[in-house]
$ cat start-v8.pdb   # PDB, N, CA and C atoms
ATOM      1  N   MET A1410      19.692 -36.960 -85.785
ATOM      2  CA  MET A1410      18.274 -36.622 -85.736
ATOM      3  C   MET A1410      17.812 -36.713 -84.283
ATOM      4  N   PRO A1411      17.106 -35.694 -83.801
ATOM      5  CA  PRO A1411      16.603 -35.722 -82.414
ATOM      6  C   PRO A1411      15.581 -36.845 -82.216
ATOM      7  N   LYS A1412      15.587 -37.403 -81.037
ATOM      8  CA  LYS A1412      14.606 -38.434 -80.697
ATOM      9  C   LYS A1412      13.259 -37.786 -80.415
ATOM     10  N   GLY A1413      12.223 -38.606 -80.408
ATOM     11  CA  GLY A1413      10.882 -38.152 -80.078
ATOM     12  C   GLY A1413      10.393 -38.882 -78.841
ATOM     13  N   TYR A1414       9.507 -38.244 -78.123
ATOM     14  CA  TYR A1414       8.985 -38.823 -76.883
ATOM     15  C   TYR A1414       7.480 -38.686 -76.833
ATOM     16  N   LEU A1415       6.841 -39.727 -76.358
ATOM     17  CA  LEU A1415       5.426 -39.680 -76.022
ATOM     18  C   LEU A1415       5.397 -39.717 -74.500
ATOM     19  N   ILE A1416       4.815 -38.687 -73.906
ATOM     20  CA  ILE A1416       4.754 -38.568 -72.455
ATOM     21  C   ILE A1416       3.283 -38.593 -72.045
ATOM     22  N   GLY A1417       2.973 -39.447 -71.110
ATOM     23  CA  GLY A1417       1.608 -39.543 -70.615
ATOM     24  C   GLY A1417       1.547 -39.284 -69.127
ATOM     25  N   HIS A1418       0.562 -38.510 -68.722
ATOM     26  CA  HIS A1418       0.244 -38.289 -67.308
ATOM     27  C   HIS A1418      -1.172 -38.825 -67.131
ATOM     28  N   ILE A1419      -1.342 -39.773 -66.224
ATOM     29  CA  ILE A1419      -2.572 -40.560 -66.195
ATOM     30  C   ILE A1419      -3.036 -40.782 -64.761
ATOM     31  N   THR A1420      -4.344 -40.694 -64.553
ATOM     32  CA  THR A1420      -4.963 -41.155 -63.316
ATOM     33  C   THR A1420      -5.968 -42.231 -63.712
ATOM     34  N   VAL A1421      -5.715 -43.450 -63.256
ATOM     35  CA  VAL A1421      -6.551 -44.600 -63.611
ATOM     36  C   VAL A1421      -7.761 -44.652 -62.686
ATOM     37  N   HIS A1422      -8.957 -44.776 -63.285
ATOM     38  CA  HIS A1422     -10.200 -44.870 -62.518
ATOM     39  C   HIS A1422     -10.725 -46.301 -62.421
ATOM     40  N   ASP A1423     -10.326 -47.153 -63.372
ATOM     41  CA  ASP A1423     -10.770 -48.545 -63.397
ATOM     42  C   ASP A1423      -9.550 -49.429 -63.679
ATOM     43  N   PRO A1424      -8.777 -49.771 -62.634
ATOM     44  CA  PRO A1424      -7.527 -50.504 -62.835
ATOM     45  C   PRO A1424      -7.684 -51.838 -63.562
ATOM     46  N   GLU A1425      -8.757 -52.547 -63.290
ATOM     47  CA  GLU A1425      -8.973 -53.842 -63.942
ATOM     48  C   GLU A1425      -9.095 -53.676 -65.459
ATOM     49  N   ALA A1426      -9.920 -52.759 -65.894
ATOM     50  CA  ALA A1426     -10.115 -52.534 -67.326
ATOM     51  C   ALA A1426      -8.879 -51.883 -67.960
ATOM     52  N   TYR A1427      -8.170 -51.045 -67.219
ATOM     53  CA  TYR A1427      -6.987 -50.350 -67.739
ATOM     54  C   TYR A1427      -5.875 -51.334 -68.096
ATOM     55  N   ARG A1428      -5.816 -52.463 -67.388
ATOM     56  CA  ARG A1428      -4.796 -53.485 -67.662
ATOM     57  C   ARG A1428      -4.810 -53.922 -69.121
ATOM     58  N   GLU A1429      -5.994 -54.017 -69.714
ATOM     59  CA  GLU A1429      -6.089 -54.406 -71.126
ATOM     60  C   GLU A1429      -5.385 -53.382 -72.015
ATOM     61  N   TYR A1430      -5.527 -52.106 -71.693
ATOM     62  CA  TYR A1430      -4.843 -51.054 -72.453
ATOM     63  C   TYR A1430      -3.323 -51.266 -72.396
ATOM     64  N   VAL A1431      -2.789 -51.485 -71.214
ATOM     65  CA  VAL A1431      -1.343 -51.668 -71.047
ATOM     66  C   VAL A1431      -0.858 -52.883 -71.841
ATOM     67  N   GLU A1432      -1.598 -53.971 -71.789
ATOM     68  CA  GLU A1432      -1.215 -55.185 -72.509
ATOM     69  C   GLU A1432      -1.243 -54.984 -74.019
ATOM     70  N   ARG A1433      -2.217 -54.234 -74.506
ATOM     71  CA  ARG A1433      -2.387 -54.100 -75.946
ATOM     72  C   ARG A1433      -1.599 -52.940 -76.558
ATOM     73  N   ASP A1434      -1.327 -51.881 -75.786
ATOM     74  CA  ASP A1434      -0.617 -50.749 -76.385
ATOM     75  C   ASP A1434       0.871 -51.026 -76.565
ATOM     76  N   THR A1435       1.455 -51.831 -75.682
ATOM     77  CA  THR A1435       2.903 -52.058 -75.691
ATOM     78  C   THR A1435       3.422 -52.569 -77.039
ATOM     79  N   PRO A1436       2.881 -53.657 -77.592
ATOM     80  CA  PRO A1436       3.433 -54.141 -78.867
ATOM     81  C   PRO A1436       3.251 -53.148 -80.021
ATOM     82  N   ILE A1437       2.189 -52.379 -79.996
ATOM     83  CA  ILE A1437       1.961 -51.389 -81.060
ATOM     84  C   ILE A1437       3.043 -50.317 -80.991
ATOM     85  N   LEU A1438       3.273 -49.783 -79.805
ATOM     86  CA  LEU A1438       4.263 -48.716 -79.648
ATOM     87  C   LEU A1438       5.672 -49.234 -79.909
ATOM     88  N   GLU A1439       5.965 -50.453 -79.498
ATOM     89  CA  GLU A1439       7.284 -51.033 -79.756
ATOM     90  C   GLU A1439       7.512 -51.265 -81.247
ATOM     91  N   ARG A1440       6.476 -51.580 -82.005
ATOM     92  CA  ARG A1440       6.617 -51.737 -83.466
ATOM     93  C   ARG A1440       7.070 -50.441 -84.131
ATOM     94  N   HIS A1441       6.756 -49.315 -83.519
ATOM     95  CA  HIS A1441       7.172 -48.008 -84.044
ATOM     96  C   HIS A1441       8.534 -47.587 -83.489
ATOM     97  N   GLY A1442       9.218 -48.487 -82.811
ATOM     98  CA  GLY A1442      10.537 -48.187 -82.264
ATOM     99  C   GLY A1442      10.500 -47.624 -80.862
ATOM    100  N   GLY A1443       9.341 -47.653 -80.209
ATOM    101  CA  GLY A1443       9.199 -47.101 -78.868
ATOM    102  C   GLY A1443       9.884 -47.947 -77.806
ATOM    103  N   THR A1444      10.550 -47.275 -76.886
ATOM    104  CA  THR A1444      11.172 -47.903 -75.723
ATOM    105  C   THR A1444      10.636 -47.208 -74.484
ATOM    106  N   PHE A1445      10.072 -47.984 -73.572
ATOM    107  CA  PHE A1445       9.530 -47.406 -72.343
ATOM    108  C   PHE A1445      10.683 -47.009 -71.424
ATOM    109  N   ILE A1446      10.784 -45.727 -71.125
ATOM    110  CA  ILE A1446      11.809 -45.193 -70.227
ATOM    111  C   ILE A1446      11.245 -45.095 -68.809
ATOM    112  N   VAL A1447      10.009 -44.642 -68.705
ATOM    113  CA  VAL A1447       9.295 -44.541 -67.432
ATOM    114  C   VAL A1447       7.919 -45.140 -67.655
ATOM    115  N   ARG A1448       7.504 -45.993 -66.729
ATOM    116  CA  ARG A1448       6.156 -46.570 -66.831
ATOM    117  C   ARG A1448       5.624 -46.786 -65.426
ATOM    118  N   GLY A1449       4.973 -45.739 -64.912
ATOM    119  CA  GLY A1449       4.479 -45.822 -63.540
ATOM    120  C   GLY A1449       5.634 -45.646 -62.575
ATOM    121  N   GLY A1450       5.564 -46.304 -61.450
ATOM    122  CA  GLY A1450       6.624 -46.207 -60.458
ATOM    123  C   GLY A1450       6.412 -45.031 -59.515
ATOM    124  N   ALA A1451       7.251 -44.981 -58.512
ATOM    125  CA  ALA A1451       7.153 -43.923 -57.504
ATOM    126  C   ALA A1451       7.417 -42.569 -58.148
ATOM    127  N   SER A1452       6.668 -41.572 -57.710
ATOM    128  CA  SER A1452       6.877 -40.201 -58.192
ATOM    129  C   SER A1452       6.361 -39.233 -57.140
ATOM    130  N   GLU A1453       6.822 -38.017 -57.235
ATOM    131  CA  GLU A1453       6.289 -36.948 -56.394
ATOM    132  C   GLU A1453       6.259 -35.684 -57.227
ATOM    133  N   THR A1454       5.422 -34.774 -56.828
ATOM    134  CA  THR A1454       5.246 -33.512 -57.540
ATOM    135  C   THR A1454       5.580 -32.383 -56.581
ATOM    136  N   PRO A1455       6.843 -31.950 -56.546
ATOM    137  CA  PRO A1455       7.220 -30.908 -55.607
ATOM    138  C   PRO A1455       6.632 -29.538 -55.938
ATOM    139  N   GLU A1456       6.197 -29.337 -57.180
ATOM    140  CA  GLU A1456       5.557 -28.069 -57.557
ATOM    141  C   GLU A1456       4.437 -28.343 -58.540
ATOM    142  N   GLY A1457       3.359 -27.610 -58.441
ATOM    143  CA  GLY A1457       2.260 -27.710 -59.391
ATOM    144  C   GLY A1457       1.361 -28.898 -59.137
ATOM    145  N   GLU A1458       0.511 -29.154 -60.119
ATOM    146  CA  GLU A1458      -0.449 -30.254 -60.041
ATOM    147  C   GLU A1458      -0.246 -31.172 -61.235
ATOM    148  N   THR A1459      -0.483 -32.452 -61.029
ATOM    149  CA  THR A1459      -0.364 -33.417 -62.108
ATOM    150  C   THR A1459      -1.288 -34.595 -61.819
ATOM    151  N   LEU A1460      -1.277 -35.554 -62.700
ATOM    152  CA  LEU A1460      -2.040 -36.778 -62.492
ATOM    153  C   LEU A1460      -1.156 -37.787 -61.762
ATOM    154  N   ASP A1461      -1.676 -38.994 -61.486
ATOM    155  CA  ASP A1461      -1.014 -39.952 -60.589
ATOM    156  C   ASP A1461       0.114 -40.765 -61.215
ATOM    157  N   ARG A1462      -0.010 -41.103 -62.470
ATOM    158  CA  ARG A1462       0.903 -42.058 -63.121
ATOM    159  C   ARG A1462       1.591 -41.354 -64.279
ATOM    160  N   HIS A1463       2.873 -41.690 -64.514
ATOM    161  CA  HIS A1463       3.630 -41.030 -65.574
ATOM    162  C   HIS A1463       4.305 -42.069 -66.452
ATOM    163  N   VAL A1464       4.288 -41.812 -67.748
ATOM    164  CA  VAL A1464       4.879 -42.720 -68.732
ATOM    165  C   VAL A1464       5.698 -41.883 -69.701
ATOM    166  N   VAL A1465       6.917 -42.340 -69.988
ATOM    167  CA  VAL A1465       7.758 -41.699 -70.998
ATOM    168  C   VAL A1465       8.222 -42.794 -71.943
ATOM    169  N   ILE A1466       7.918 -42.619 -73.227
ATOM    170  CA  ILE A1466       8.309 -43.589 -74.244
ATOM    171  C   ILE A1466       9.207 -42.863 -75.242
ATOM    172  N   GLU A1467      10.399 -43.402 -75.452
ATOM    173  CA  GLU A1467      11.355 -42.806 -76.379
ATOM    174  C   GLU A1467      11.224 -43.463 -77.752
ATOM    175  N   PHE A1468      11.266 -42.638 -78.801
ATOM    176  CA  PHE A1468      11.205 -43.104 -80.182
ATOM    177  C   PHE A1468      12.428 -42.613 -80.937
ATOM    178  N   PRO A1469      12.762 -43.236 -82.051
ATOM    179  CA  PRO A1469      13.929 -42.812 -82.827
ATOM    180  C   PRO A1469      13.841 -41.368 -83.325
ATOM    181  N   SER A1470      12.619 -40.858 -83.474
ATOM    182  CA  SER A1470      12.426 -39.487 -83.970
ATOM    183  C   SER A1470      11.057 -38.976 -83.529
ATOM    184  N   TYR A1471      10.882 -37.670 -83.649
ATOM    185  CA  TYR A1471       9.579 -37.063 -83.359
ATOM    186  C   TYR A1471       8.523 -37.633 -84.301
ATOM    187  N   GLU A1472       8.907 -37.799 -85.567
ATOM    188  CA  GLU A1472       7.974 -38.337 -86.566
ATOM    189  C   GLU A1472       7.521 -39.747 -86.196
ATOM    190  N   ALA A1473       8.445 -40.556 -85.655
ATOM    191  CA  ALA A1473       8.085 -41.915 -85.236
ATOM    192  C   ALA A1473       7.128 -41.881 -84.045
ATOM    193  N   ALA A1474       7.351 -40.947 -83.120
ATOM    194  CA  ALA A1474       6.441 -40.810 -81.974
ATOM    195  C   ALA A1474       5.047 -40.431 -82.449
ATOM    196  N   ARG A1475       4.981 -39.479 -83.377
ATOM    197  CA  ARG A1475       3.682 -39.055 -83.922
ATOM    198  C   ARG A1475       3.013 -40.196 -84.677
ATOM    199  N   ALA A1476       3.783 -40.926 -85.477
ATOM    200  CA  ALA A1476       3.218 -42.052 -86.237
ATOM    201  C   ALA A1476       2.663 -43.114 -85.298
ATOM    202  N   ALA A1477       3.360 -43.370 -84.191
ATOM    203  CA  ALA A1477       2.870 -44.355 -83.216
ATOM    204  C   ALA A1477       1.545 -43.896 -82.627
ATOM    205  N   TYR A1478       1.476 -42.626 -82.224
ATOM    206  CA  TYR A1478       0.236 -42.107 -81.634
ATOM    207  C   TYR A1478      -0.909 -42.136 -82.637
ATOM    208  N   GLU A1479      -0.621 -41.804 -83.886
ATOM    209  CA  GLU A1479      -1.664 -41.726 -84.908
ATOM    210  C   GLU A1479      -2.025 -43.082 -85.523
ATOM    211  N   ASP A1480      -1.260 -44.114 -85.228
ATOM    212  CA  ASP A1480      -1.524 -45.445 -85.769
ATOM    213  C   ASP A1480      -2.960 -45.845 -85.430
ATOM    214  N   PRO A1481      -3.749 -46.239 -86.426
ATOM    215  CA  PRO A1481      -5.144 -46.627 -86.151
ATOM    216  C   PRO A1481      -5.264 -47.744 -85.114
ATOM    217  N   ALA A1482      -4.322 -48.665 -85.093
ATOM    218  CA  ALA A1482      -4.368 -49.738 -84.095
ATOM    219  C   ALA A1482      -4.182 -49.160 -82.693
ATOM    220  N   TYR A1483      -3.272 -48.187 -82.557
ATOM    221  CA  TYR A1483      -3.086 -47.559 -81.244
ATOM    222  C   TYR A1483      -4.327 -46.758 -80.858
ATOM    223  N   GLN A1484      -4.883 -46.024 -81.794
ATOM    224  CA  GLN A1484      -6.061 -45.212 -81.487
ATOM    225  C   GLN A1484      -7.237 -46.083 -81.038
ATOM    226  N   GLU A1485      -7.345 -47.268 -81.618
ATOM    227  CA  GLU A1485      -8.397 -48.191 -81.182
ATOM    228  C   GLU A1485      -8.174 -48.595 -79.718
ATOM    229  N   VAL A1486      -6.942 -48.933 -79.372
ATOM    230  CA  VAL A1486      -6.614 -49.324 -78.004
ATOM    231  C   VAL A1486      -6.715 -48.126 -77.054
ATOM    232  N   ALA A1487      -6.361 -46.940 -77.541
ATOM    233  CA  ALA A1487      -6.408 -45.730 -76.703
ATOM    234  C   ALA A1487      -7.818 -45.458 -76.188
ATOM    235  N   GLU A1488      -8.817 -45.936 -76.889
ATOM    236  CA  GLU A1488     -10.197 -45.765 -76.415
ATOM    237  C   GLU A1488     -10.387 -46.436 -75.050
ATOM    238  N   ILE A1489      -9.663 -47.527 -74.805
ATOM    239  CA  ILE A1489      -9.740 -48.177 -73.489
ATOM    240  C   ILE A1489      -9.220 -47.214 -72.428
ATOM    241  N   ARG A1490      -8.061 -46.583 -72.707
ATOM    242  CA  ARG A1490      -7.507 -45.611 -71.751
ATOM    243  C   ARG A1490      -8.472 -44.463 -71.532
ATOM    244  N   ARG A1491      -9.049 -43.972 -72.581
ATOM    245  CA  ARG A1491      -9.962 -42.826 -72.465
ATOM    246  C   ARG A1491     -11.192 -43.158 -71.622
ATOM    247  N   ARG A1492     -11.633 -44.433 -71.661
ATOM    248  CA  ARG A1492     -12.793 -44.860 -70.867
ATOM    249  C   ARG A1492     -12.446 -45.138 -69.417
ATOM    250  N   THR A1493     -11.190 -45.522 -69.156
ATOM    251  CA  THR A1493     -10.835 -46.030 -67.832
ATOM    252  C   THR A1493      -9.923 -45.097 -67.027
ATOM    253  N   ALA A1494      -9.531 -43.967 -67.637
ATOM    254  CA  ALA A1494      -8.580 -43.073 -66.963
ATOM    255  C   ALA A1494      -8.722 -41.644 -67.484
ATOM    256  N   SER A1495      -8.240 -40.711 -66.681
ATOM    257  CA  SER A1495      -8.047 -39.330 -67.144
ATOM    258  C   SER A1495      -6.596 -39.249 -67.590
ATOM    259  N   SER A1496      -6.341 -38.589 -68.722
ATOM    260  CA  SER A1496      -4.960 -38.567 -69.186
ATOM    261  C   SER A1496      -4.649 -37.310 -69.980
ATOM    262  N   VAL A1497      -3.367 -36.975 -69.972
ATOM    263  CA  VAL A1497      -2.800 -35.934 -70.816
ATOM    264  C   VAL A1497      -1.672 -36.617 -71.568
ATOM    265  N   ILE A1498      -1.679 -36.536 -72.888
ATOM    266  CA  ILE A1498      -0.640 -37.144 -73.720
ATOM    267  C   ILE A1498       0.090 -36.023 -74.436
ATOM    268  N   VAL A1499       1.425 -36.055 -74.382
ATOM    269  CA  VAL A1499       2.243 -35.014 -74.979
ATOM    270  C   VAL A1499       3.248 -35.684 -75.916
ATOM    271  N   LEU A1500       3.372 -35.163 -77.133
ATOM    272  CA  LEU A1500       4.440 -35.573 -78.044
ATOM    273  C   LEU A1500       5.475 -34.463 -78.029
ATOM    274  N   VAL A1501       6.762 -34.827 -77.883
ATOM    275  CA  VAL A1501       7.798 -33.794 -77.799
ATOM    276  C   VAL A1501       9.064 -34.277 -78.495
ATOM    277  N   GLU A1502       9.759 -33.345 -79.122
ATOM    278  CA  GLU A1502      11.040 -33.643 -79.741
ATOM    279  C   GLU A1502      12.138 -33.479 -78.700
ATOM    280  N   GLY A1503      13.056 -34.432 -78.653
ATOM    281  CA  GLY A1503      14.163 -34.367 -77.709
ATOM    282  C   GLY A1503      15.348 -33.606 -78.285
ATOM    283  N   THR A1504      16.427 -33.633 -77.543
ATOM    284  CA  THR A1504      17.639 -32.943 -78.021
ATOM    285  C   THR A1504      18.681 -33.941 -78.462
TER     286      THR A1504
END
$ encode --input "start-v8.pdb" --output "structure tokens"
Amino acid sequence: MPKGYLIGHITVHDPEAYREYVERDTPILERHGGTFIVRGGASETPEGETLDRHVVIEFPSYEAARAAYEDPAYQEVAEIRRRTASSVIVLVEGT
């Protein structure tokens, strides 16, 4: 079965408040089998435009990635991200 990925591109506007999102989202996503592959770190964009921070979370399946994103507990915490950052979230099936 192909793995699933939640990919986030984020520009944080309020780093202090955003920290709460990072602390609270991790255990929720890990309960769904999520493993953080990329979480911030150095990056460059040799072509096109993107946001500042990048996150890639691997899940056992696409369905697990979707379930993690749709989890009401995650959606409650995601409101912190929505208030403190600009973001694009992508769910994708791997190979």
$ select_by_dssp --input "start-v8.pdb" --residues "chain A" --states "strand (DSSP E)" --output "ChimeraX atom specification"
/A:1413-1421,1444-1448,1462-1468,1494-1502
$ residues_around --input "start-v8.pdb" --residues "segment 1443-1459 of chain A" --least-positions-apart "6" --cutoff "12 Å" --atoms "only C-alpha atoms" --output "PDB file with N, CA and C atoms, keeping the file's coordinate frame"
ATOM      1  N   LYS A1412      15.587 -37.403 -81.037  1.00  0.00           N
ATOM      2  CA  LYS A1412      14.606 -38.434 -80.697  1.00  0.00           C
ATOM      3  C   LYS A1412      13.259 -37.786 -80.415  1.00  0.00           C
ATOM      4  N   GLY A1413      12.223 -38.606 -80.408  1.00  0.00           N
ATOM      5  CA  GLY A1413      10.882 -38.152 -80.078  1.00  0.00           C
ATOM      6  C   GLY A1413      10.393 -38.882 -78.841  1.00  0.00           C
ATOM      7  N   TYR A1414       9.507 -38.244 -78.123  1.00  0.00           N
ATOM      8  CA  TYR A1414       8.985 -38.823 -76.883  1.00  0.00           C
ATOM      9  C   TYR A1414       7.480 -38.686 -76.833  1.00  0.00           C
ATOM     10  N   LEU A1415       6.841 -39.727 -76.358  1.00  0.00           N
ATOM     11  CA  LEU A1415       5.426 -39.680 -76.022  1.00  0.00           C
ATOM     12  C   LEU A1415       5.397 -39.717 -74.500  1.00  0.00           C
ATOM     13  N   ILE A1416       4.815 -38.687 -73.906  1.00  0.00           N
ATOM     14  CA  ILE A1416       4.754 -38.568 -72.455  1.00  0.00           C
ATOM     15  C   ILE A1416       3.283 -38.593 -72.045  1.00  0.00           C
ATOM     16  N   GLY A1417       2.973 -39.447 -71.110  1.00  0.00           N
ATOM     17  CA  GLY A1417       1.608 -39.543 -70.615  1.00  0.00           C
ATOM     18  C   GLY A1417       1.547 -39.284 -69.127  1.00  0.00           C
ATOM     19  N   HIS A1418       0.562 -38.510 -68.722  1.00  0.00           N
ATOM     20  CA  HIS A1418       0.244 -38.289 -67.308  1.00  0.00           C
ATOM     21  C   HIS A1418      -1.172 -38.825 -67.131  1.00  0.00           C
ATOM     22  N   ILE A1419      -1.342 -39.773 -66.224  1.00  0.00           N
ATOM     23  CA  ILE A1419      -2.572 -40.560 -66.195  1.00  0.00           C
ATOM     24  C   ILE A1419      -3.036 -40.782 -64.761  1.00  0.00           C
ATOM     25  N   THR A1420      -4.344 -40.694 -64.553  1.00  0.00           N
ATOM     26  CA  THR A1420      -4.963 -41.155 -63.316  1.00  0.00           C
ATOM     27  C   THR A1420      -5.968 -42.231 -63.712  1.00  0.00           C
ATOM     28  N   VAL A1421      -5.715 -43.450 -63.256  1.00  0.00           N
ATOM     29  CA  VAL A1421      -6.551 -44.600 -63.611  1.00  0.00           C
ATOM     30  C   VAL A1421      -7.761 -44.652 -62.686  1.00  0.00           C
ATOM     31  N   VAL A1431      -2.789 -51.485 -71.214  1.00  0.00           N
ATOM     32  CA  VAL A1431      -1.343 -51.668 -71.047  1.00  0.00           C
ATOM     33  C   VAL A1431      -0.858 -52.883 -71.841  1.00  0.00           C
ATOM     34  N   ASP A1434      -1.327 -51.881 -75.786  1.00  0.00           N
ATOM     35  CA  ASP A1434      -0.617 -50.749 -76.385  1.00  0.00           C
ATOM     36  C   ASP A1434       0.871 -51.026 -76.565  1.00  0.00           C
ATOM     37  N   THR A1435       1.455 -51.831 -75.682  1.00  0.00           N
ATOM     38  CA  THR A1435       2.903 -52.058 -75.691  1.00  0.00           C
ATOM     39  C   THR A1435       3.422 -52.569 -77.039  1.00  0.00           C
ATOM     40  N   PRO A1436       2.881 -53.657 -77.592  1.00  0.00           N
ATOM     41  CA  PRO A1436       3.433 -54.141 -78.867  1.00  0.00           C
ATOM     42  C   PRO A1436       3.251 -53.148 -80.021  1.00  0.00           C
ATOM     43  N   ILE A1437       2.189 -52.379 -79.996  1.00  0.00           N
ATOM     44  CA  ILE A1437       1.961 -51.389 -81.060  1.00  0.00           C
ATOM     45  C   ILE A1437       3.043 -50.317 -80.991  1.00  0.00           C
ATOM     46  N   VAL A1465       6.917 -42.340 -69.988  1.00  0.00           N
ATOM     47  CA  VAL A1465       7.758 -41.699 -70.998  1.00  0.00           C
ATOM     48  C   VAL A1465       8.222 -42.794 -71.943  1.00  0.00           C
ATOM     49  N   ILE A1466       7.918 -42.619 -73.227  1.00  0.00           N
ATOM     50  CA  ILE A1466       8.309 -43.589 -74.244  1.00  0.00           C
ATOM     51  C   ILE A1466       9.207 -42.863 -75.242  1.00  0.00           C
ATOM     52  N   GLU A1467      10.399 -43.402 -75.452  1.00  0.00           N
ATOM     53  CA  GLU A1467      11.355 -42.806 -76.379  1.00  0.00           C
ATOM     54  C   GLU A1467      11.224 -43.463 -77.752  1.00  0.00           C
ATOM     55  N   PHE A1468      11.266 -42.638 -78.801  1.00  0.00           N
ATOM     56  CA  PHE A1468      11.205 -43.104 -80.182  1.00  0.00           C
ATOM     57  C   PHE A1468      12.428 -42.613 -80.937  1.00  0.00           C
ATOM     58  N   PRO A1469      12.762 -43.236 -82.051  1.00  0.00           N
ATOM     59  CA  PRO A1469      13.929 -42.812 -82.827  1.00  0.00           C
ATOM     60  C   PRO A1469      13.841 -41.368 -83.325  1.00  0.00           C
ATOM     61  N   SER A1470      12.619 -40.858 -83.474  1.00  0.00           N
ATOM     62  CA  SER A1470      12.426 -39.487 -83.970  1.00  0.00           C
ATOM     63  C   SER A1470      11.057 -38.976 -83.529  1.00  0.00           C
ATOM     64  N   TYR A1471      10.882 -37.670 -83.649  1.00  0.00           N
ATOM     65  CA  TYR A1471       9.579 -37.063 -83.359  1.00  0.00           C
ATOM     66  C   TYR A1471       8.523 -37.633 -84.301  1.00  0.00           C
ATOM     67  N   GLU A1472       8.907 -37.799 -85.567  1.00  0.00           N
ATOM     68  CA  GLU A1472       7.974 -38.337 -86.566  1.00  0.00           C
ATOM     69  C   GLU A1472       7.521 -39.747 -86.196  1.00  0.00           C
ATOM     70  N   ALA A1473       8.445 -40.556 -85.655  1.00  0.00           N
ATOM     71  CA  ALA A1473       8.085 -41.915 -85.236  1.00  0.00           C
ATOM     72  C   ALA A1473       7.128 -41.881 -84.045  1.00  0.00           C
ATOM     73  N   ALA A1474       7.351 -40.947 -83.120  1.00  0.00           N
ATOM     74  CA  ALA A1474       6.441 -40.810 -81.974  1.00  0.00           C
ATOM     75  C   ALA A1474       5.047 -40.431 -82.449  1.00  0.00           C
ATOM     76  N   ARG A1475       4.981 -39.479 -83.377  1.00  0.00           N
ATOM     77  CA  ARG A1475       3.682 -39.055 -83.922  1.00  0.00           C
ATOM     78  C   ARG A1475       3.013 -40.196 -84.677  1.00  0.00           C
ATOM     79  N   ALA A1476       3.783 -40.926 -85.477  1.00  0.00           N
ATOM     80  CA  ALA A1476       3.218 -42.052 -86.237  1.00  0.00           C
ATOM     81  C   ALA A1476       2.663 -43.114 -85.298  1.00  0.00           C
ATOM     82  N   ALA A1477       3.360 -43.370 -84.191  1.00  0.00           N
ATOM     83  CA  ALA A1477       2.870 -44.355 -83.216  1.00  0.00           C
ATOM     84  C   ALA A1477       1.545 -43.896 -82.627  1.00  0.00           C
ATOM     85  N   TYR A1478       1.476 -42.626 -82.224  1.00  0.00           N
ATOM     86  CA  TYR A1478       0.236 -42.107 -81.634  1.00  0.00           C
ATOM     87  C   TYR A1478      -0.909 -42.136 -82.637  1.00  0.00           C
ATOM     88  N   SER A1495      -8.240 -40.711 -66.681  1.00  0.00           N
ATOM     89  CA  SER A1495      -8.047 -39.330 -67.144  1.00  0.00           C
ATOM     90  C   SER A1495      -6.596 -39.249 -67.590  1.00  0.00           C
ATOM     91  N   SER A1496      -6.341 -38.589 -68.722  1.00  0.00           N
ATOM     92  CA  SER A1496      -4.960 -38.567 -69.186  1.00  0.00           C
ATOM     93  C   SER A1496      -4.649 -37.310 -69.980  1.00  0.00           C
ATOM     94  N   VAL A1497      -3.367 -36.975 -69.972  1.00  0.00           N
ATOM     95  CA  VAL A1497      -2.800 -35.934 -70.816  1.00  0.00           C
ATOM     96  C   VAL A1497      -1.672 -36.617 -71.568  1.00  0.00           C
TER      97      VAL A1497
END
$ closest_residue --input "start-v8.pdb" --among "A:Ala1494, A:Val1499, A:Leu1438, A:Ala1426" --to "Ala1482 of chain A" --atoms "only C-alpha atoms"
A:Leu1438
$ atom_distance --input "start-v8.pdb" --atom1 "atom CA of Glu1488 of chain A" --atom2 "atom CA of Tyr1427 of chain A"
10.3 Å
$ atom_distance --input "start-v8.pdb" --atom1 "atom CA of Tyr1430 of chain A" --atom2 "atom CA of Tyr1483 of chain A"
9.6 Å
$ atom_distance --input "start-v8.pdb" --atom1 "atom C of Pro1411 of chain A" --atom2 "atom C of Val1501 of chain A"
7.9 Å
$ closest_residue --input "start-v8.pdb" --among "A:Met1410, A:Arg1440, A:Arg1433, A:His1422" --to "Ala1487 of chain A" --atoms "only N, CA and C atoms"
A:Arg1433
$ select_by_dssp --input "start-v8.pdb" --residues "segment 1425-1474 of chain A" --states "alpha helix (DSSP H)" --output "list in words"
Glu1425, Ala1426, Tyr1427, Arg1428, Glu1429, Tyr1430, Val1431, Glu1432, Arg1433, Asp1434, Thr1435, Pro1436, Ile1437, Leu1438, Glu1439, Arg1440, Tyr1471, Glu1472, Ala1473 and Ala1474 of chain A
$ axis_aligned_box --input "start-v8.pdb" --around "segment 1430-1435 of chain A" --padding-each-side "8 Å" --output "JSON"
{"center_x": -1.1, "center_y": -53.0, "center_z": -74.0, "size_x": 24.9, "size_y": 20.4, "size_z": 22.0}
